[in-house]
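Visitor: Contents of my_file25.cif (mmCIF, C-alpha atoms) are given next:
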data_start
loop_
_atom_site.group_PDB
_atom_site.id
_atom_site.type_symbol
_atom_site.label_atom_id
_atom_site.label_comp_id
_atom_site.auth_asym_id
_atom_site.auth_seq_id
_atom_site.Cartn_x
_atom_site.Cartn_y
_atom_site.Cartn_z
ATOM 1 C CA MET A 16 165.430 94.888 -107.468
ATOM 2 C CA ARG A 17 162.740 96.824 -105.635
ATOM 3 C CA GLU A 18 163.268 94.740 -102.488
ATOM 4 C CA GLU A 19 167.017 95.364 -102.678
ATOM 5 C CA MET A 20 166.480 99.127 -102.927
ATOM 6 C CA GLU A 21 164.157 99.002 -99.914
ATOM 7 C CA GLU A 22 166.833 97.209 -97.877
ATOM 8 C CA GLY A 23 169.817 99.344 -98.982
ATOM 9 C CA LYS A 24 171.226 101.878 -101.448
ATOM 10 C CA PHE A 25 174.090 102.427 -103.904
ATOM 11 C CA THR A 26 176.875 104.872 -103.032
ATOM 12 C CA ALA A 27 178.516 107.287 -105.501
ATOM 13 C CA ASP A 28 181.235 104.764 -106.330
ATOM 14 C CA GLY A 29 178.684 102.080 -107.163
ATOM 15 C CA MET A 30 178.923 100.105 -103.923
ATOM 16 C CA TYR A 31 175.708 98.642 -102.480
ATOM 17 C CA VAL A 32 175.264 99.435 -98.786
ATOM 18 C CA ARG A 33 172.655 97.574 -96.771
ATOM 19 C CA THR A 34 170.612 99.978 -94.652
ATOM 20 C CA PHE A 35 167.670 97.733 -93.797
ATOM 21 C CA ASP A 36 166.626 97.943 -90.157
ATOM 22 C CA PRO A 37 164.825 94.713 -89.209
ATOM 23 C CA HIS A 38 163.402 96.388 -86.113
ATOM 24 C CA GLY A 39 161.923 99.166 -88.199
ATOM 25 C CA VAL A 40 159.404 96.765 -89.710
ATOM 26 C CA HIS A 41 157.614 96.550 -86.380
ATOM 27 C CA ASP A 42 157.266 100.341 -86.250
ATOM 28 C CA ARG A 43 155.708 100.807 -89.693
ATOM 29 C CA TRP A 44 152.282 101.037 -88.092
ATOM 30 C CA MET A 45 153.426 104.433 -86.722
ATOM 31 C CA ASP A 46 154.186 105.930 -90.147
ATOM 32 C CA GLY A 47 152.472 109.281 -90.618
ATOM 33 C CA LEU A 48 152.106 110.010 -86.891
ATOM 34 C CA ASN A 49 153.664 112.968 -85.104
ATOM 35 C CA GLU A 50 155.663 112.572 -81.892
ATOM 36 C CA LYS A 51 152.679 113.077 -79.590
ATOM 37 C CA GLU A 52 150.536 110.634 -81.536
ATOM 38 C CA ILE A 53 153.372 108.104 -81.527
ATOM 39 C CA LYS A 54 153.614 108.274 -77.728
ATOM 40 C CA ILE A 55 149.863 107.774 -77.383
ATOM 41 C CA ALA A 56 149.875 104.931 -79.906
ATOM 42 C CA ARG A 57 152.777 103.190 -78.175
ATOM 43 C CA LYS A 58 151.043 103.545 -74.815
ATOM 44 C CA ARG A 59 147.862 102.004 -76.213
ATOM 45 C CA LYS A 60 149.831 99.214 -77.859
ATOM 46 C CA LYS A 61 151.593 98.388 -74.585
ATOM 47 C CA HIS A 62 148.247 98.381 -72.793
ATOM 48 C CA GLN A 63 146.771 95.972 -75.346
ATOM 49 C CA GLU A 64 149.804 93.698 -75.072
ATOM 50 C CA LYS A 65 149.463 93.739 -71.281
ATOM 51 C CA LEU A 66 145.795 92.781 -71.508
ATOM 52 C CA GLN A 67 146.623 89.954 -73.909
ATOM 53 C CA ARG A 68 149.319 88.634 -71.569
ATOM 54 C CA GLN A 69 146.933 88.789 -68.615
ATOM 55 C CA LYS A 70 144.261 86.949 -70.588
ATOM 56 C CA GLN A 71 146.728 84.271 -71.653
ATOM 57 C CA GLU A 72 148.016 83.859 -68.095
ATOM 58 C CA GLU A 73 144.447 83.599 -66.798
ATOM 59 C CA GLU A 74 143.598 80.927 -69.369
ATOM 60 C CA GLU A 75 146.754 78.978 -68.535
ATOM 61 C CA ARG A 76 145.989 79.203 -64.808
ATOM 62 C CA GLU A 77 142.432 78.010 -65.379
ATOM 63 C CA LEU A 78 143.652 75.072 -67.441
ATOM 64 C CA ARG A 79 146.056 74.060 -64.678
ATOM 65 C CA GLU A 80 143.351 74.294 -62.013
ATOM 66 C CA SER A 81 140.737 72.500 -64.119
ATOM 67 C CA GLY A 82 142.334 69.114 -63.522
ATOM 68 C CA GLY A 83 143.113 68.442 -67.163
ATOM 69 C CA LYS A 84 141.298 67.235 -70.257
ATOM 70 C CA GLU A 85 139.290 64.398 -68.708
ATOM 71 C CA SER A 86 138.119 66.573 -65.825
ATOM 72 C CA MET A 87 136.698 69.115 -68.273
ATOM 73 C CA GLU A 88 135.062 66.333 -70.281
ATOM 74 C CA LYS A 89 133.436 65.161 -67.064
ATOM 75 C CA GLN A 90 132.112 68.682 -66.481
ATOM 76 C CA LEU A 91 130.490 68.618 -69.930
ATOM 77 C CA LEU A 92 128.442 65.473 -69.308
ATOM 78 C CA PRO A 93 125.547 66.985 -67.277
ATOM 79 C CA TYR A 94 124.719 69.262 -70.214
ATOM 80 C CA LEU A 95 124.502 66.494 -72.837
ATOM 81 C CA LYS A 96 121.781 63.967 -73.472
ATOM 82 C CA LYS A 97 122.718 60.377 -74.207
ATOM 83 C CA GLY A 98 123.615 59.967 -77.876
ATOM 84 C CA GLU A 99 124.024 63.718 -78.279
ATOM 85 C CA THR A 100 127.180 65.527 -79.445
ATOM 86 C CA VAL A 101 128.520 68.692 -77.857
ATOM 87 C CA LEU A 102 127.394 70.684 -80.899
ATOM 88 C CA GLU A 103 123.904 69.172 -80.794
ATOM 89 C CA ALA A 104 123.633 70.061 -77.110
ATOM 90 C CA LEU A 105 124.527 73.665 -77.929
ATOM 91 C CA GLN A 106 121.916 73.752 -80.687
ATOM 92 C CA ARG A 107 119.240 72.288 -78.407
ATOM 93 C CA LEU A 108 119.980 74.657 -75.539
ATOM 94 C CA GLY A 109 120.250 77.622 -77.891
ATOM 95 C CA ALA A 110 116.823 76.870 -79.357
ATOM 96 C CA GLN A 111 115.358 76.514 -75.864
ATOM 97 C CA ALA A 112 116.863 79.835 -74.804
ATOM 98 C CA LYS A 113 115.424 81.635 -77.847
ATOM 99 C CA LYS A 114 112.003 80.142 -77.224
ATOM 100 C CA LYS A 115 112.135 81.164 -73.570
ATOM 101 C CA GLN A 116 113.220 84.703 -74.431
ATOM 102 C CA ALA A 117 110.403 85.055 -76.949
ATOM 103 C CA LYS A 118 107.889 83.783 -74.411
ATOM 104 C CA ASN A 119 109.141 86.130 -71.691
ATOM 105 C CA LYS A 120 109.145 89.071 -74.087
ATOM 106 C CA LYS A 121 105.591 88.335 -75.127
ATOM 107 C CA SER A 122 104.276 87.975 -71.580
ATOM 108 C CA SER A 123 106.300 90.790 -70.005
ATOM 109 C CA LYS A 124 104.748 94.248 -70.028
ATOM 110 C CA LEU A 125 107.229 95.936 -67.704
ATOM 111 C CA PRO A 126 108.111 99.588 -68.418
ATOM 112 C CA SER A 127 111.569 100.289 -69.791
ATOM 113 C CA ASP A 128 112.886 101.668 -66.489
ATOM 114 C CA ALA A 129 111.844 98.468 -64.711
ATOM 115 C CA MET A 130 113.848 96.462 -67.220
ATOM 116 C CA ALA A 131 117.014 98.453 -66.551
ATOM 117 C CA VAL A 132 119.940 96.576 -65.065
ATOM 118 C CA ASP A 133 120.682 97.380 -61.446
ATOM 119 C CA PRO A 134 124.434 98.071 -61.224
ATOM 120 C CA SER A 135 124.414 96.945 -57.588
ATOM 121 C CA ASN A 136 123.316 93.427 -58.575
ATOM 122 C CA PRO A 137 126.053 90.814 -58.994
ATOM 123 C CA LYS A 138 127.054 89.647 -62.452
ATOM 124 C CA PRO A 139 124.547 87.056 -63.728
ATOM 125 C CA SER A 140 125.638 83.442 -63.730
ATOM 126 C CA PRO A 141 126.786 82.071 -67.089
ATOM 127 C CA THR A 142 124.192 80.209 -69.116
ATOM 128 C CA ASP A 143 124.490 76.527 -69.994
ATOM 129 C CA VAL A 144 125.434 77.512 -73.544
ATOM 130 C CA GLU A 145 128.225 79.740 -72.242
ATOM 131 C CA LEU A 146 129.513 77.024 -69.903
ATOM 132 C CA ILE A 147 129.590 74.390 -72.649
ATOM 133 C CA THR A 148 131.288 76.781 -75.067
ATOM 134 C CA HIS A 149 133.873 77.703 -72.448
ATOM 135 C CA LEU A 150 134.699 74.079 -71.636
ATOM 136 C CA ALA A 151 134.838 73.105 -75.312
ATOM 137 C CA SER A 152 137.129 76.047 -76.062
ATOM 138 C CA ASN A 153 139.505 74.984 -73.292
ATOM 139 C CA LEU A 154 139.512 71.415 -74.594
ATOM 140 C CA MET A 155 140.355 72.678 -78.077
ATOM 141 C CA SER A 156 143.263 74.653 -76.637
ATOM 142 C CA LEU A 157 144.526 71.350 -75.223
ATOM 143 C CA GLY A 158 144.505 69.850 -78.711
ATOM 144 C CA ASP A 159 141.075 68.215 -78.833
ATOM 145 C CA ILE A 160 139.937 69.791 -82.105
ATOM 146 C CA GLU A 161 137.111 67.254 -82.508
ATOM 147 C CA VAL A 162 135.440 68.072 -79.201
ATOM 148 C CA TYR A 163 132.289 69.559 -80.764
ATOM 149 C CA SER A 164 131.599 66.329 -82.654
ATOM 150 C CA LYS A 165 132.159 64.060 -79.644
ATOM 151 C CA THR A 166 129.118 62.228 -78.334
ATOM 152 C CA TYR A 167 128.040 61.791 -74.747
ATOM 153 C CA GLU A 168 129.176 58.162 -74.860
ATOM 154 C CA GLU A 169 132.635 59.066 -76.191
ATOM 155 C CA LEU A 170 133.131 61.559 -73.382
ATOM 156 C CA VAL A 171 132.048 58.959 -70.826
ATOM 157 C CA ARG A 172 134.585 56.468 -72.216
ATOM 158 C CA ASP A 173 137.366 59.069 -72.062
ATOM 159 C CA VAL A 174 136.550 59.865 -68.437
ATOM 160 C CA ARG A 175 136.380 56.196 -67.451
ATOM 161 C CA ARG A 176 139.712 55.419 -69.128
ATOM 162 C CA SER A 177 141.385 58.317 -67.337
ATOM 163 C CA GLY A 178 140.902 56.694 -63.935
ATOM 164 C CA ILE A 179 139.548 59.855 -62.298
ATOM 165 C CA VAL A 180 136.274 58.063 -61.458
ATOM 166 C CA ASP A 181 135.668 54.749 -59.726
ATOM 167 C CA GLN A 182 134.176 51.674 -61.353
ATOM 168 C CA ASN A 183 130.722 52.336 -59.893
ATOM 169 C CA TRP A 184 130.560 55.871 -61.260
ATOM 170 C CA ASP A 185 127.145 56.740 -62.679
ATOM 171 C CA PRO A 186 127.726 59.441 -65.312
ATOM 172 C CA PRO A 187 125.252 62.334 -65.200
ATOM 173 C CA SER A 188 123.361 63.493 -68.273
ATOM 174 C CA ALA A 189 120.807 66.073 -69.361
ATOM 175 C CA ASP A 190 118.189 63.373 -69.873
ATOM 176 C CA VAL A 191 115.095 64.115 -67.801
ATOM 177 C CA LYS A 192 112.141 61.813 -67.200
ATOM 178 C CA PHE A 193 108.620 63.207 -67.001
ATOM 179 C CA GLU A 194 105.311 62.192 -65.477
ATOM 180 C CA TYR A 195 101.773 63.227 -66.307
ATOM 181 C CA LYS A 196 98.299 63.004 -64.854
ATOM 182 C CA TRP A 197 94.938 63.797 -66.385
ATOM 183 C CA ASP A 198 93.467 67.221 -65.710
ATOM 184 C CA VAL A 199 89.982 66.777 -67.114
ATOM 185 C CA PRO A 200 86.810 67.372 -65.057
ATOM 186 C CA GLY A 201 85.231 64.094 -64.028
ATOM 187 C CA THR A 202 88.421 62.036 -64.342
ATOM 188 C CA ASP A 203 90.621 60.605 -61.621
ATOM 189 C CA ASP A 204 93.540 63.014 -61.245
ATOM 190 C CA SER A 205 95.217 61.039 -58.476
ATOM 191 C CA GLN A 206 96.895 58.530 -60.775
ATOM 192 C CA THR A 207 100.353 59.410 -62.052
ATOM 193 C CA PHE A 208 101.759 57.969 -65.267
ATOM 194 C CA GLY A 209 105.447 57.653 -66.001
ATOM 195 C CA PRO A 210 108.279 58.253 -65.899
ATOM 196 C CA PHE A 211 108.703 58.772 -69.642
ATOM 197 C CA ALA A 212 111.423 60.281 -71.813
ATOM 198 C CA GLU A 213 110.832 63.744 -73.244
ATOM 199 C CA GLU A 214 110.791 62.277 -76.754
ATOM 200 C CA ASP A 215 107.850 60.032 -75.813
ATOM 201 C CA MET A 216 105.957 62.912 -74.238
ATOM 202 C CA GLN A 217 106.479 65.089 -77.296
ATOM 203 C CA SER A 218 105.352 62.358 -79.688
ATOM 204 C CA TRP A 219 102.104 61.880 -77.746
ATOM 205 C CA PHE A 220 101.571 65.625 -77.688
ATOM 206 C CA LYS A 221 101.989 65.837 -81.473
ATOM 207 C CA ALA A 222 99.422 63.065 -81.815
ATOM 208 C CA SER A 223 97.019 65.206 -79.697
ATOM 209 C CA TYR A 224 96.867 62.468 -77.072
ATOM 210 C CA PHE A 225 96.931 65.195 -74.399
ATOM 211 C CA GLY A 226 94.567 67.464 -76.306
ATOM 212 C CA PRO A 227 95.388 69.891 -79.153
ATOM 213 C CA LEU A 228 97.338 72.159 -76.796
ATOM 214 C CA GLY A 229 98.196 69.673 -74.067
ATOM 215 C CA GLU A 230 95.400 71.113 -71.966
ATOM 216 C CA LYS A 231 94.137 67.727 -70.749
ATOM 217 C CA VAL A 232 97.132 66.948 -68.553
ATOM 218 C CA LYS A 233 99.429 68.280 -65.895
ATOM 219 C CA VAL A 234 103.083 67.358 -66.311
ATOM 220 C CA ARG A 235 106.264 67.521 -64.275
ATOM 221 C CA PRO A 236 109.867 66.376 -64.264
ATOM 222 C CA VAL A 237 110.245 63.443 -61.904
ATOM 223 C CA GLY A 238 110.390 64.913 -58.422
ATOM 224 C CA GLY A 239 109.267 68.346 -59.629
ATOM 225 C CA GLU A 240 106.071 70.361 -59.337
ATOM 226 C CA TRP A 241 102.962 69.791 -61.433
ATOM 227 C CA ALA A 242 102.391 72.400 -64.126
ATOM 228 C CA ALA A 243 100.573 72.987 -67.394
ATOM 229 C CA TRP A 244 102.091 71.567 -70.575
ATOM 230 C CA ASP A 245 103.229 74.954 -71.898
ATOM 231 C CA ASP A 246 104.938 75.804 -68.623
ATOM 232 C CA VAL A 247 107.100 72.689 -68.872
ATOM 233 C CA PHE A 248 107.556 72.161 -72.602
ATOM 234 C CA GLY A 249 106.520 75.538 -74.003
#
Would it be possible to restate this file's structure as structure tokens?

Guide:
Amino acid sequence: MREEMEEGKFTADGMYVRTFDPHGVHDRWMDGLNEKEIKIARKRKKHQEKLQRQKQEEEERELRESGGKESMEKQLLPYLKKGETVLEALQRLGAQAKKKQAKNKKSSKLPSDAMAVDPSNPKPSPTDVELITHLASNLMSLGDIEVYSKTYEELVRDVRRSGIVDQNWDPPSADVKFEYKWDVPGTDDSQTFGPFAEEDMQSWFKASYFGPLGEKVKVRPVGGEWAAWDDVFG
């Protein structure tokens, strides 16, 4: 009965007259506002709707230019290690970023004005975490709701099946091989050992094979520069 009274009323002769305005429902958010406030509110609402349309159009344009689902999956591969899921890659990179920030914060003694952002500098490049999240979000918008649980190998299979790569395609990955050499006085530091996977290097470090703090060796990614253990794995 209450709903009926909200949508109409009874006349003096007992007739029910429907007075419900379906368009009025959309304007209920303006109840209690005066004319000036209504104009301002409507202007803001139109502006928000315009921004939403622009964002949607930008996302649709980006999806069209991306080359499709398999192309975006291909773009994800360099950020994942073999056997790793998209979510695990995000967790790994996020942990690395936090560790790096903590290390920089501890070592940096710059005054506050030196840390200020220069407005003339260009916008910083997106981080690996941001790039992965962006690609995964676009893939979800294309219907791939399981993208975060997909492994490196599953993505490789999808890309191969799509036909956008040739048969000799060597898929990239985030796997990096490392080398080490001894850095102890009186030992031969000319001999290089490796390459080894990061997991192997970390297991030897935990066993104190390189010294309690890794101080007995210099390490580097294959093709990179020699550095102390903490500078590479810290």

Visitor: In Å to one decimal, how far is CA of Val199 in chain A from CA of Lys231 in chain A?

Guide: 5.6 Å

Visitor: Need to verify the contact set: Glu161 in chain A, 12 Å, only C-alpha atoms, exclusion of same-chain residues closer than 3 positions in sequence. Can you return it as a ChimeraX atom specification?

Guide: /A:100-102,151-152,154-158,164-166,169-170

Visitor: Please determine, counting only C-alpha atoms, which residue among A:Val180, A:Val171, A:Leu91, A:Ala117 has the shortest atom-to-atom distance to Ile147 in chain A.

Guide: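 Of all the options, A:Leu91 lies closest to Ile147 in chain A.
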
Visitor: Using all atoms listed in the file, which of the listed residues (A:Glu52, A:Val174, A:Phe211, A:Pro141) sits closest to Gly82 in chain A?

Guide: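 Closest candidate: A:Val174.
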
Visitor: Exactly which residues make up the result of the PyMOL selection byres ((chain A and resi 204) around 12) on this file, given as a PyMOL selection string?

Guide: chain A and resi 195-203+205-208+231-234+241

Visitor: Between CA of Leu150 in chain A and CA of Pro186 in chain A, what is the spacing in Å?

Guide: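 Atom-to-atom, CA of Pro186 in chain A and CA of Leu150 in chain A are spaced 17.4 Å apart.
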
Visitor: Evaluated on this file, the PyMOL selection byres ((chain A and resi 187) around 7) picks out some residues - which ones are they, written as JSON, numbers by chain?

Guide: {"A": [92, 93, 185, 186, 188]}

Visitor: Between A:Lys65, A:Gln71, A:Lys115, A:Met87, which residue has the minimum interatomic distance to Ser177 in chain A, considering all atoms listed in the file?

Guide: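 So, comparing all the options, the nearest one is A:Met87.
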
Visitor: Would you work out the distance separating CA of Val191 in chain A from CA of Phe248 in chain A, expressed in Å to one decimal?

Guide: 12.0 Å

Visitor: Using only C-alpha atoms, can you tell me which of A:Gln63, A:Ala112, A:Asp245, A:Asp215 comes closest to Pro227 in chain A?

Guide: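 For Pro227 in chain A, the nearest of the candidates is A:Asp245.
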
Visitor: Counting all atoms listed in the file, write as number ranges by chain all protein and nucleic acid residues lying at most 7 Å from (109.2, 79.4, -70.2) in the file's frame.

Guide: A: 115, 118-119, 246, 249

Visitor: Rank nothing, just name the residue among A:Ile160, A:Ala242, A:Val247, A:Ala189 nearest to Gly98 in chain A, using all atoms listed in the file.

Guide: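 For Gly98 in chain A, the nearest of the candidates is A:Ala189.
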
Visitor: How would you write, as a list in words, the residues chosen by the PyMOL selection byres ((chain A and resi 192) around 10) on this structure?

Guide: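 Given this file, the PyMOL selection byres ((chain A and resi 192) around 10) evaluates to Ala189, Asp190, Val191, Phe193, Glu194, Gly209, Pro210, Phe211, Ala212, Glu213, Glu214, Asp215, Met216, Arg235, Pro236, Val237 and Gly238 of chain A.
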
Visitor: Box in all listed atoms of range 233-245 of chain A, axis-aligned, with 6 Å more on each side; write out centre and edge lengths in Å to one decimal as JSON.

Guide:
{"center_x": 104.9, "center_y": 69.2, "center_z": -65.2, "size_x": 23.0, "size_y": 23.5, "size_z": 25.5}

Visitor: Pick the closest to Asp143 in chain A from A:Asn49, A:Tyr94, A:Glu230, A:Tyr224: which is it, counting only C-alpha atoms?

Guide: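 Residue with the minimum atom-to-atom distance to Asp143 in chain A: A:Tyr94.
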